[in-house]
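Asker: Have a peek at data_29.csv (CSV, C-alpha atoms and all ligand atoms).
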chain,number,residue,atom,x,y,z
A,1,MET,CA,105.5,33.0,-10.7
A,2,SER,CA,104.4,33.5,-7.1
A,3,ALA,CA,106.3,35.7,-4.7
A,4,LEU,CA,105.9,32.9,-2.1
A,5,PHE,CA,108.1,29.9,-1.5
A,6,GLY,CA,106.6,26.7,-2.9
A,7,ASN,CA,106.7,24.7,0.4
A,8,TYR,CA,102.9,24.2,0.5
A,9,GLY,CA,102.8,22.8,-3.1
A,10,LYS,CA,99.8,23.6,-5.3
A,11,ARG,CA,97.4,25.7,-3.3
A,12,ARG,CA,93.7,24.9,-3.4
A,13,SER,CA,90.8,27.4,-3.6
A,14,GLN,CA,91.4,30.9,-2.2
A,15,ILE,CA,89.1,31.1,0.8
A,16,VAL,CA,88.2,34.7,1.7
A,17,LYS,CA,85.4,34.5,4.3
A,18,GLY,CA,83.6,32.1,6.6
A,19,GLN,CA,80.6,31.8,9.0
A,20,GLY,CA,80.2,28.8,11.1
A,21,THR,CA,81.0,25.7,9.0
A,22,ILE,CA,80.5,27.5,5.7
A,23,VAL,CA,83.4,29.2,3.9
A,24,GLU,CA,83.4,31.2,0.6
A,25,ASP,CA,86.1,31.4,-2.0
A,26,SER,CA,87.2,34.4,-4.1
A,27,THR,CA,84.7,33.5,-6.8
A,28,GLY,CA,81.8,33.4,-4.4
A,29,LYS,CA,81.5,29.6,-4.4
A,30,GLN,CA,80.6,28.2,-0.9
A,31,TYR,CA,81.9,25.1,0.8
A,32,LEU,CA,81.3,23.1,3.9
A,33,ASP,CA,84.6,23.3,5.8
A,34,PHE,CA,85.4,19.9,7.2
A,35,THR,CA,89.0,20.8,7.8
A,36,SER,CA,88.6,23.7,10.3
A,37,GLY,CA,92.0,25.0,9.4
A,38,ILE,CA,93.2,21.5,10.5
A,39,ALA,CA,91.4,21.3,13.8
A,40,VAL,CA,91.9,25.0,14.6
A,41,VAL,CA,88.5,26.8,14.1
A,42,SER,CA,86.9,24.9,17.0
A,43,LEU,CA,83.9,27.2,17.3
A,44,GLY,CA,83.5,27.7,13.6
A,45,HIS,CA,84.4,30.7,11.5
A,46,ALA,CA,83.6,34.2,12.9
A,47,HIS,CA,81.9,32.9,16.1
A,48,PRO,CA,80.4,36.0,17.7
A,49,ALA,CA,81.9,35.3,21.2
A,50,ILE,CA,85.4,35.2,19.9
A,51,VAL,CA,85.0,38.1,17.5
A,52,GLN,CA,83.7,40.2,20.5
A,53,ALA,CA,86.5,39.0,22.8
A,54,LEU,CA,89.2,40.0,20.2
A,55,GLN,CA,87.5,43.3,19.5
A,56,ASP,CA,87.2,44.2,23.2
A,57,GLN,CA,90.8,43.3,24.0
A,58,SER,CA,92.1,45.1,20.8
A,59,GLU,CA,90.8,48.4,22.2
A,60,LYS,CA,92.6,47.8,25.6
A,61,LEU,CA,96.1,46.3,25.1
A,62,TRP,CA,97.6,44.4,22.2
A,63,HIS,CA,101.0,43.4,23.6
A,64,ILE,CA,103.1,43.7,26.7
A,65,SER,CA,106.3,41.8,27.5
A,66,ASN,CA,106.3,38.7,29.7
A,67,LEU,CA,108.4,40.8,32.0
A,68,PHE,CA,105.0,42.1,33.2
A,69,GLY,CA,102.1,40.2,34.6
A,70,ILE,CA,99.4,39.3,32.0
A,71,PRO,CA,96.1,38.7,33.8
A,72,GLY,CA,94.6,36.8,30.8
A,73,GLN,CA,97.4,34.2,31.1
A,74,GLU,CA,96.4,33.5,34.7
A,75,LYS,CA,92.7,33.1,33.7
A,76,VAL,CA,93.4,30.8,30.8
A,77,ALA,CA,95.9,28.7,32.7
A,78,GLN,CA,93.4,28.3,35.5
A,79,LYS,CA,90.7,27.2,33.1
A,80,LEU,CA,93.1,24.7,31.4
A,81,ILE,CA,94.2,23.1,34.7
A,82,ASP,CA,90.8,23.1,36.5
A,83,ASN,CA,89.6,19.5,37.2
A,84,THR,CA,92.9,18.0,35.9
A,85,HIS,CA,96.0,16.8,37.7
A,86,PHE,CA,98.1,19.5,36.0
A,87,ALA,CA,99.2,22.5,38.0
A,88,HIS,CA,100.9,25.0,35.7
A,89,ALA,CA,100.8,26.3,32.1
A,90,PHE,CA,103.3,28.0,29.8
A,91,PHE,CA,102.0,29.9,26.7
A,92,CYS,CA,103.6,30.0,23.3
A,93,ASN,CA,102.4,30.5,19.7
A,94,SER,CA,102.2,27.1,18.0
A,95,GLY,CA,102.1,23.4,18.4
A,96,ALA,CA,105.8,23.0,17.5
A,97,GLU,CA,106.8,25.6,20.1
A,98,ALA,CA,104.7,23.9,22.8
A,99,ASN,CA,106.5,20.6,22.0
A,100,GLU,CA,109.9,22.4,22.1
A,101,ALA,CA,109.1,23.6,25.6
A,102,ALA,CA,108.0,20.1,26.5
A,103,ILE,CA,111.2,18.5,25.3
A,104,LYS,CA,113.3,21.1,27.0
A,105,LEU,CA,111.4,20.7,30.3
A,106,ALA,CA,111.7,16.9,30.2
A,107,ARG,CA,115.4,17.0,29.5
A,108,LYS,CA,116.2,19.6,32.2
A,109,HIS,CA,113.9,18.0,34.8
A,110,THR,CA,115.3,14.5,34.4
A,111,GLY,CA,118.9,15.4,33.6
A,112,LYS,CA,118.5,12.8,30.8
A,113,ASN,CA,118.1,13.3,27.0
A,114,HIS,CA,116.7,10.0,25.6
A,115,ILE,CA,113.1,10.5,24.4
A,116,ILE,CA,110.9,7.8,22.9
A,117,THR,CA,108.5,8.7,20.1
A,118,PHE,CA,106.6,6.7,17.5
A,119,GLU,CA,106.4,6.0,13.8
A,120,LYS,CA,103.8,8.1,11.9
A,121,SER,CA,103.7,10.7,14.7
A,122,PHE,CA,103.8,14.4,13.9
A,123,HIS,CA,105.1,16.9,16.4
A,124,GLY,CA,106.0,19.9,14.3
A,125,ARG,CA,108.6,21.4,12.0
A,126,THR,CA,111.1,23.0,14.3
A,127,PHE,CA,114.3,21.1,14.9
A,128,GLY,CA,113.4,19.4,18.2
A,129,ALA,CA,109.8,18.7,17.2
A,130,MET,CA,110.9,17.6,13.7
A,131,SER,CA,113.4,15.2,15.2
A,132,ALA,CA,110.7,13.8,17.5
A,133,THR,CA,108.4,13.3,14.5
A,134,GLY,CA,108.3,9.7,13.2
A,135,GLN,CA,108.0,10.5,9.4
A,136,GLY,CA,111.0,10.4,7.1
A,137,LYS,CA,109.4,12.8,4.6
A,138,VAL,CA,109.5,15.4,7.4
A,139,HIS,CA,113.2,14.9,8.0
A,140,ASN,CA,114.5,14.5,4.5
A,141,GLY,CA,117.4,16.9,3.6
A,142,PHE,CA,117.5,18.6,7.0
A,143,GLY,CA,120.0,16.5,8.9
A,144,PRO,CA,121.7,16.0,11.2
A,145,LEU,CA,118.6,15.9,13.5
A,146,VAL,CA,118.6,16.6,17.2
A,147,GLU,CA,119.9,13.5,18.9
A,148,LYS,CA,118.5,10.9,21.2
A,149,PHE,CA,115.0,10.4,19.9
A,150,THR,CA,114.2,6.7,19.5
A,151,ILE,CA,111.3,6.2,17.1
A,152,LEU,CA,109.4,3.0,17.8
A,153,PRO,CA,106.5,1.3,16.0
A,154,PHE,CA,103.1,2.6,17.3
A,155,ASN,CA,100.9,0.4,19.5
A,156,ASP,CA,103.7,-2.2,19.7
A,157,VAL,CA,104.0,-3.2,23.4
A,158,ALA,CA,107.0,-5.6,22.9
A,159,ALA,CA,109.0,-2.9,21.0
A,160,LEU,CA,108.4,-0.5,23.8
A,161,GLU,CA,109.3,-2.9,26.6
A,162,ALA,CA,112.5,-3.8,24.7
A,163,VAL,CA,113.9,-0.2,24.9
A,164,ILE,CA,112.7,0.9,28.3
A,165,ASP,CA,115.7,1.4,30.6
A,166,ASP,CA,117.1,4.0,33.0
A,167,SER,CA,118.4,6.2,30.2
A,168,VAL,CA,114.9,7.2,29.1
A,169,ALA,CA,113.8,10.8,30.1
A,170,ALA,CA,110.4,10.7,28.5
A,171,ILE,CA,107.9,9.0,26.2
A,172,MET,CA,106.1,11.4,23.8
A,173,LEU,CA,103.0,10.6,21.8
A,174,GLU,CA,99.7,11.7,20.3
A,175,MET,CA,96.5,10.0,21.7
A,176,ILE,CA,95.3,9.9,18.1
A,177,GLN,CA,97.9,10.3,15.4
A,178,GLY,CA,96.3,13.1,13.3
A,179,GLU,CA,98.7,13.7,10.4
A,180,GLY,CA,99.8,10.0,10.5
A,181,GLY,CA,96.4,8.4,9.6
A,182,VAL,CA,93.9,8.9,12.5
A,183,ASN,CA,95.5,6.0,14.5
A,184,SER,CA,94.3,5.7,18.1
A,185,VAL,CA,96.5,4.5,21.0
A,186,SER,CA,95.2,1.0,21.9
A,187,ALA,CA,94.1,0.3,25.5
A,188,GLU,CA,96.8,-2.3,25.8
A,189,PHE,CA,99.5,0.2,24.6
A,190,ALA,CA,98.3,2.9,27.0
A,191,ALA,CA,98.5,0.4,29.9
A,192,ALA,CA,102.1,-0.5,28.9
A,193,ILE,CA,103.1,3.1,28.6
A,194,ALA,CA,101.6,3.9,32.0
A,195,LYS,CA,103.5,1.0,33.6
A,196,ALA,CA,106.8,1.9,32.0
A,197,CYS,CA,106.5,5.5,33.2
A,198,ASP,CA,105.6,4.3,36.7
A,199,ASP,CA,108.3,1.7,37.0
A,200,LYS,CA,111.2,3.8,35.7
A,201,GLY,CA,110.1,7.3,36.7
A,202,ILE,CA,109.8,8.3,33.0
A,203,LEU,CA,108.0,11.4,32.1
A,204,LEU,CA,105.0,11.1,29.8
A,205,ILE,CA,104.5,13.9,27.3
A,206,VAL,CA,101.1,13.8,25.5
A,207,ASP,CA,100.9,15.9,22.4
A,208,GLU,CA,97.3,17.0,22.3
A,209,VAL,CA,97.9,19.8,19.8
A,210,GLN,CA,95.3,18.3,17.5
A,211,THR,CA,93.2,16.1,19.9
A,212,GLY,CA,92.8,18.6,22.7
A,213,ILE,CA,90.2,21.3,23.5
A,214,GLY,CA,87.1,19.1,23.0
A,215,ARG,CA,88.1,17.7,19.6
A,216,THR,CA,87.6,14.1,20.7
A,217,GLY,CA,84.5,14.8,22.8
A,218,THR,CA,86.3,15.3,26.1
A,219,ARG,CA,88.4,18.3,27.0
A,220,TYR,CA,91.5,16.3,26.4
A,221,ALA,CA,91.8,12.9,24.7
A,222,PHE,CA,94.0,11.4,27.5
A,223,GLU,CA,90.9,11.6,29.8
A,224,GLN,CA,89.4,8.7,27.9
A,225,THR,CA,92.5,6.5,28.7
A,226,VAL,CA,94.4,5.3,31.8
A,227,LEU,CA,97.2,7.7,31.0
A,228,LYS,CA,98.1,10.6,33.3
A,229,PRO,CA,100.7,12.6,31.5
A,230,HIS,CA,103.2,14.7,33.3
A,231,ILE,CA,103.3,17.2,30.4
A,232,MET,CA,100.7,18.0,27.8
A,233,THR,CA,101.0,20.2,24.7
A,234,LEU,CA,98.1,22.2,23.1
A,235,ALA,CA,97.7,24.6,20.3
A,236,LYS,CA,95.4,24.3,17.2
A,237,GLY,CA,91.8,24.5,18.7
A,238,LEU,CA,92.8,26.5,21.7
A,239,GLY,CA,92.8,29.8,19.9
A,240,GLY,CA,89.8,29.1,17.6
A,241,GLY,CA,91.9,30.6,14.8
A,242,PHE,CA,94.1,32.9,16.7
A,243,PRO,CA,97.7,31.6,17.0
A,244,VAL,CA,98.3,30.2,20.5
A,245,GLY,CA,100.0,27.2,22.0
A,246,ALA,CA,100.3,26.0,25.6
A,247,MET,CA,102.3,23.4,27.6
A,248,LEU,CA,100.8,22.1,30.8
A,249,GLY,CA,102.7,20.3,33.5
A,250,THR,CA,102.4,18.8,36.9
A,251,ALA,CA,103.4,20.5,40.2
A,252,GLU,CA,106.6,18.5,40.5
A,253,LEU,CA,107.9,20.2,37.3
A,254,HIS,CA,107.4,23.8,38.5
A,255,ALA,CA,110.9,24.4,39.9
A,256,THR,CA,112.6,23.2,36.7
A,257,PHE,CA,111.3,26.1,34.6
A,258,SER,CA,112.9,28.6,37.0
A,259,PRO,CA,113.4,32.2,36.0
A,260,GLY,CA,115.3,32.7,32.8
A,261,THR,CA,115.2,29.1,31.7
A,262,HIS,CA,112.7,29.5,28.8
A,263,GLY,CA,110.6,32.2,27.2
A,264,THR,CA,109.0,33.8,24.2
A,265,THR,CA,108.2,37.4,23.0
A,266,PHE,CA,104.7,36.7,21.7
A,267,GLY,CA,103.6,33.7,23.8
A,268,GLY,CA,100.6,34.4,26.0
A,269,ASN,CA,99.9,37.8,24.3
A,270,PRO,CA,96.8,39.6,25.6
A,271,LEU,CA,94.9,39.2,22.3
A,272,ALA,CA,95.6,35.5,22.2
A,273,MET,CA,94.6,35.1,25.8
A,274,SER,CA,91.3,36.9,25.3
A,275,VAL,CA,90.3,34.6,22.5
A,276,ALA,CA,91.5,31.5,24.2
A,277,GLU,CA,89.4,32.4,27.3
A,278,ALA,CA,86.3,32.8,25.1
A,279,VAL,CA,87.0,29.5,23.4
A,280,LEU,CA,87.4,27.6,26.6
A,281,SER,CA,84.3,29.1,28.2
A,282,HIS,CA,82.3,27.6,25.4
A,283,VAL,CA,84.1,24.3,24.7
A,284,PHE,CA,84.6,23.2,28.3
A,285,GLU,CA,80.8,23.6,29.1
A,286,PRO,CA,79.7,20.1,29.9
A,287,SER,CA,76.6,20.5,27.7
A,288,PHE,CA,78.8,21.5,24.8
A,289,LEU,CA,81.1,18.5,25.2
A,290,GLN,CA,78.0,16.3,25.3
A,291,GLN,CA,76.8,17.9,22.1
A,292,ILE,CA,80.1,17.0,20.5
A,293,GLN,CA,79.7,13.4,21.6
A,294,GLY,CA,76.2,13.2,20.3
A,295,VAL,CA,77.0,14.8,16.9
A,296,SER,CA,80.0,12.5,16.6
A,297,ALA,CA,77.9,9.4,17.3
A,298,TYR,CA,75.5,10.5,14.6
A,299,PHE,CA,78.4,11.2,12.1
A,300,VAL,CA,80.0,7.8,12.7
A,301,ALA,CA,76.6,6.1,12.3
A,302,GLN,CA,75.9,7.9,9.0
A,303,LEU,CA,79.3,7.1,7.6
A,304,LYS,CA,78.9,3.4,8.5
A,305,GLU,CA,75.4,3.3,7.0
A,306,GLN,CA,76.0,5.3,3.9
A,307,LEU,CA,79.5,4.3,2.8
A,308,PRO,CA,80.4,0.8,1.5
A,309,SER,CA,81.7,-1.4,4.3
A,310,SER,CA,85.2,-1.6,2.6
A,311,TYR,CA,85.9,1.8,4.2
A,312,SER,CA,87.0,1.8,7.8
A,313,ILE,CA,85.8,4.6,10.1
A,314,GLN,CA,88.5,5.6,12.6
A,315,GLY,CA,89.1,8.1,15.3
A,316,GLN,CA,87.0,9.7,18.0
A,317,GLY,CA,84.8,12.7,18.5
A,318,LEU,CA,85.2,15.1,15.6
A,319,LEU,CA,88.6,13.8,14.6
A,320,LEU,CA,87.5,11.1,12.3
A,321,GLY,CA,89.1,9.3,9.4
A,322,VAL,CA,87.8,7.3,6.5
A,323,GLY,CA,90.4,4.6,5.8
A,324,CYS,CA,90.6,3.8,2.1
A,325,GLY,CA,92.8,0.7,2.3
A,326,GLU,CA,95.7,1.0,-0.2
A,327,THR,CA,93.9,3.6,-2.3
A,328,GLU,CA,95.4,7.1,-2.4
A,329,VAL,CA,92.9,9.7,-1.3
A,330,ALA,CA,94.3,12.9,-3.0
A,331,SER,CA,91.9,12.6,-6.0
A,332,TYR,CA,88.9,12.1,-3.6
A,333,ILE,CA,89.8,15.3,-1.8
A,334,VAL,CA,89.9,17.3,-5.1
A,335,ALA,CA,86.6,15.8,-6.1
A,336,ALA,CA,85.0,16.7,-2.8
A,337,GLU,CA,86.2,20.2,-3.1
A,338,GLU,CA,84.6,20.5,-6.5
A,339,SER,CA,81.4,19.3,-5.0
A,340,GLY,CA,81.6,21.9,-2.2
A,341,LEU,CA,83.2,20.0,0.7
A,342,LEU,CA,86.7,20.8,2.0
A,343,LEU,CA,88.6,17.8,3.3
A,344,VAL,CA,92.2,17.0,4.2
A,345,GLY,CA,94.1,13.7,4.1
A,346,ALA,CA,95.8,12.0,7.0
A,347,GLY,CA,98.7,10.2,5.4
A,348,PRO,CA,98.2,8.9,1.9
A,349,ASN,CA,95.2,6.5,2.4
A,350,VAL,CA,92.9,8.2,5.0
A,351,ILE,CA,90.5,11.0,4.6
A,352,ARG,CA,90.4,13.1,7.7
A,353,LEU,CA,87.1,14.7,8.8
A,354,LEU,CA,87.5,17.7,11.2
A,355,PRO,CA,84.4,19.9,11.1
A,356,PRO,CA,84.1,22.8,13.6
A,357,LEU,CA,82.9,21.5,17.0
A,358,THR,CA,79.7,23.5,16.3
A,359,VAL,CA,78.8,21.4,13.2
A,360,THR,CA,75.1,20.5,12.9
A,361,LYS,CA,73.5,17.2,11.9
A,362,GLU,CA,72.2,18.9,8.8
A,363,GLU,CA,75.7,19.9,7.8
A,364,ILE,CA,76.9,16.3,8.5
A,365,ASP,CA,74.1,15.0,6.3
A,366,GLU,CA,75.2,17.2,3.4
A,367,ALA,CA,78.8,16.2,3.8
A,368,VAL,CA,78.0,12.5,4.0
A,369,ALA,CA,75.9,12.9,0.9
A,370,ILE,CA,78.8,14.4,-1.0
A,371,LEU,CA,81.2,11.7,0.4
A,372,LYS,CA,78.8,9.0,-0.8
A,373,THR,CA,78.9,10.3,-4.4
A,374,ILE,CA,82.7,10.1,-4.3
A,375,LEU,CA,83.4,6.9,-2.3
A,376,HIS,CA,81.6,4.0,-3.9
B,401,LIG,C1,99.7,20.4,14.0
B,401,LIG,C2,100.4,19.6,15.0
B,401,LIG,C3,101.7,20.0,15.5
B,401,LIG,C4,102.4,21.3,15.1
B,401,LIG,O1,101.7,22.4,15.3
B,401,LIG,P1,102.1,23.8,14.6
B,401,LIG,O2,101.2,24.8,15.2
B,401,LIG,O3,101.9,23.6,13.1
B,401,LIG,O4,103.5,24.0,14.9
B,401,LIG,C5,102.2,19.3,16.5
B,401,LIG,N1,101.6,18.2,17.0
B,401,LIG,C6,100.5,17.7,16.5
B,401,LIG,C7,99.9,16.5,17.0
B,401,LIG,C8,99.8,18.4,15.4
B,401,LIG,O5,98.7,17.9,14.9
Could you take the file, read its structure, and then write that structure out as structure tokens?

Answerer:
Amino acid sequence: MSALFGNYGKRRSQIVKGQGTIVEDSTGKQYLDFTSGIAVVSLGHAHPAIVQALQDQSEKLWHISNLFGIPGQEKVAQKLIDNTHFAHAFFCNSGAEANEAAIKLARKHTGKNHIITFEKSFHGRTFGAMSATGQGKVHNGFGPLVEKFTILPFNDVAALEAVIDDSVAAIMLEMIQGEGGVNSVSAEFAAAIAKACDDKGILLIVDEVQTGIGRTGTRYAFEQTVLKPHIMTLAKGLGGGFPVGAMLGTAELHATFSPGTHGTTFGGNPLAMSVAEAVLSHVFEPSFLQQIQGVSAYFVAQLKEQLPSSYSIQGQGLLLGVGCGETEVASYIVAAEESGLLLVGAGPNVIRLLPPLTVTKEEIDEAVAILKTILH
């Protein structure tokens, strides 16, 4: 029996190395990695720029307390807020931690505690983030949950309008629900959220832990909508594989996180900042974002052309889903792995496609060819 807890269920292949989109398991078998560590390895495995950044920083300084200034934090924060309406950043180590910071900031700033979230959302496994998550399977056995989250149906304007009142501190949502099935916010729903926030002074928290940092073809997914969040959370792709999270906020929120109100030992560590800076320098290049959009359009076109029309193609950029109706996808994922393609599900009935943002058309052709043999 394993010395590990069994919380991840049966583990799949043991991956021991990677280069770009290709990974290799302990038996030497190679795979196309269309999971990217679940949207983490944005520049592919072992990208020379981030290997170099980590190596250089590791020879200078690994860690220093947040009691001291950390120049890398200023640089990464500036890169994150440049050309946005956000003014400040806070760094942590994961998506759940970024969402905890967001929930705390929203409560303290508004003096209210009622937060609206949505069914099938995923915000993390810590108590606040878990309580915000709209999936019973994430809550089961862990109650009582943190209070005052109202979980509404997603993309349901009437349900939203029915609960909006002066008690609401914040609305929190993903632009595309990643874990919950690759479900995008509709234009109509985005407009209703924007209006509710404007009318009632409600804070908008956008969880871009999965959709951010170029994943949907723009720096952040909200940029493709009418929404202008007050708070945004990031993690996954930001570190390219190094653990890092961030929360961005508008200028009006600055005074709320006053000295001593929130903190972390490891958040914004110099190693993490050096890697995040290298990731952003690449991903936020306009030509790279254009490349993602081009590759995505090609990928979507190939999926539509090669797969039977009974499958729905969902999502945006390189956060795509193949909807399989009522069919469970677990056995497809196992079959793809046997054929050399790593995939992950999004809910029970959707296959999620999350290659590194550096994926090539040739790699997409290979992946689609494998998918075609499995989905027919
Ligand atoms: C993965 C994810 C999280 C949780 O991130 P962790 O780093 O696992 O804590 C939160 N929100 C969204 C949208 C995610 O995809």

Asker: Please list as JSON, numbers by chain every residue within 8 Å of region 322-329 of chain A, counting all atoms listed in the file and excluding residues in the same chain fewer than 3 positions away.

Answerer: {"A": [310, 311, 312, 313, 314, 332, 333, 345, 348, 349, 350, 351, 352, 353]}

Asker: Would you name the residues within 7 Å of ligand LIG 401 (chain B), counting only C-alpha atoms and all ligand atoms, and put them as a ChimeraX atom specification?

Answerer: /A:94-97,122-125,174,177-179,207-210,235-236

Asker: What separation in Å, quoted to one decimal, exists between CA of Ser309 (chain A) and CA of Ala336 (chain A)?

Answerer: 19.7 Å

Asker: Work out how far CA of Val275 (chain A) is from CA of Ala53 (chain A), in Å to one decimal.

Answerer: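 Those two atoms sit 5.8 Å apart.
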
Asker: Find the residues around Gly249 (chain A) up to 8 Å (all atoms listed in the file counted), leave out those fewer than 4 positions away in its own chain, and share them as a list in words.

Answerer: Phe86, Ala87, His88, Ala89, His230, Ile231, Met232, Leu253 and His254 of chain A

Asker: One decimal, Å: what's the distance from CA of Ala101 (chain A) over to CA of Ile205 (chain A), could you say?

Answerer: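 Distance reported for this atom pair: 10.9 Å.
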
Asker: For a quick check of understanding, using all atoms listed in the file, which of A:Val334, A:Gly240, A:Gly347, A:Lys60 has the smallest distance to Ser13 (chain A)?

Answerer: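 Looking at the shortest contact to Ser13 (chain A), the residue is A:Val334.
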
Asker: With all atoms listed in the file as the atoms that count, which of A:Leu280, A:Ile151, A:Leu61, A:Met175 lies nearest to Gln78 (chain A)?

Answerer: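 Using all atoms listed in the file, Gln78 (chain A) sits closest to A:Leu280.
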
Asker: Distance cut-off 9 Å, centre (107.6, 19.1, 28.0) in file coordinates, counting all atoms listed in the file: which residues qualify? Return them as a ChimeraX atom specification.

Answerer: /A:98-107,170,172,203-206,230-233,247-249

Asker: Give me the residues near region 109-114 of chain A as a PyMOL selection string, where near means some atom within 7 Å (using all atoms listed in the file) and where sequence neighbours in that chain fewer than 5 positions away do not count.

Answerer: chain A and resi 148-149+167-170+253+256

Asker: Considering only C-alpha atoms, return as an mmCIF file with C-alpha atoms, in the frame of the given file whatever protein or nucleic-acid residues lie within 9 Å of His63 (chain A), sequence-local ones (same chain, fewer than 2 positions apart) excluded.

Answerer:
data_model
loop_
_atom_site.group_PDB
_atom_site.id
_atom_site.type_symbol
_atom_site.label_atom_id
_atom_site.label_comp_id
_atom_site.auth_asym_id
_atom_site.auth_seq_id
_atom_site.Cartn_x
_atom_site.Cartn_y
_atom_site.Cartn_z
ATOM 1 C CA LEU A 61 96.100 46.300 25.100
ATOM 2 C CA SER A 65 106.300 41.800 27.500
ATOM 3 C CA PHE A 266 104.700 36.700 21.700
ATOM 4 C CA ASN A 269 99.900 37.800 24.300
ATOM 5 C CA PRO A 270 96.800 39.600 25.600
ATOM 6 C CA LEU A 271 94.900 39.200 22.300
#

Asker: When distances are computed from all atoms listed in the file, which of A:Lys108, A:His45, A:Lys137, A:Lys120 shows the smallest separation from Phe242 (chain A)?

Answerer: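 Closest residue, counting all atoms listed in the file: A:His45.
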
Asker: Near Ser296 (chain A), within 10 Å and counting only C-alpha atoms, which residues show up once chain neighbours fewer than 6 positions away are dropped, as a VMD selection string?

Answerer: chain A and resid 216 to 217 290 302 316 to 320 357 359 361 364

Asker: Which of these, A:Ala367, A:Ala246, A:Val185, A:Leu343, has the shortest distance to Asn155 (chain A) once you count only C-alpha atoms?

Answerer: A:Val185

Asker: Which residue out of A:Thr358, A:Thr117, A:Asn140, A:Ser274 has the minimum interatomic distance to Val163 (chain A) when all atoms listed in the file are used?

Answerer: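 Of the candidates, the smallest distance to Val163 (chain A) is held by A:Thr117.
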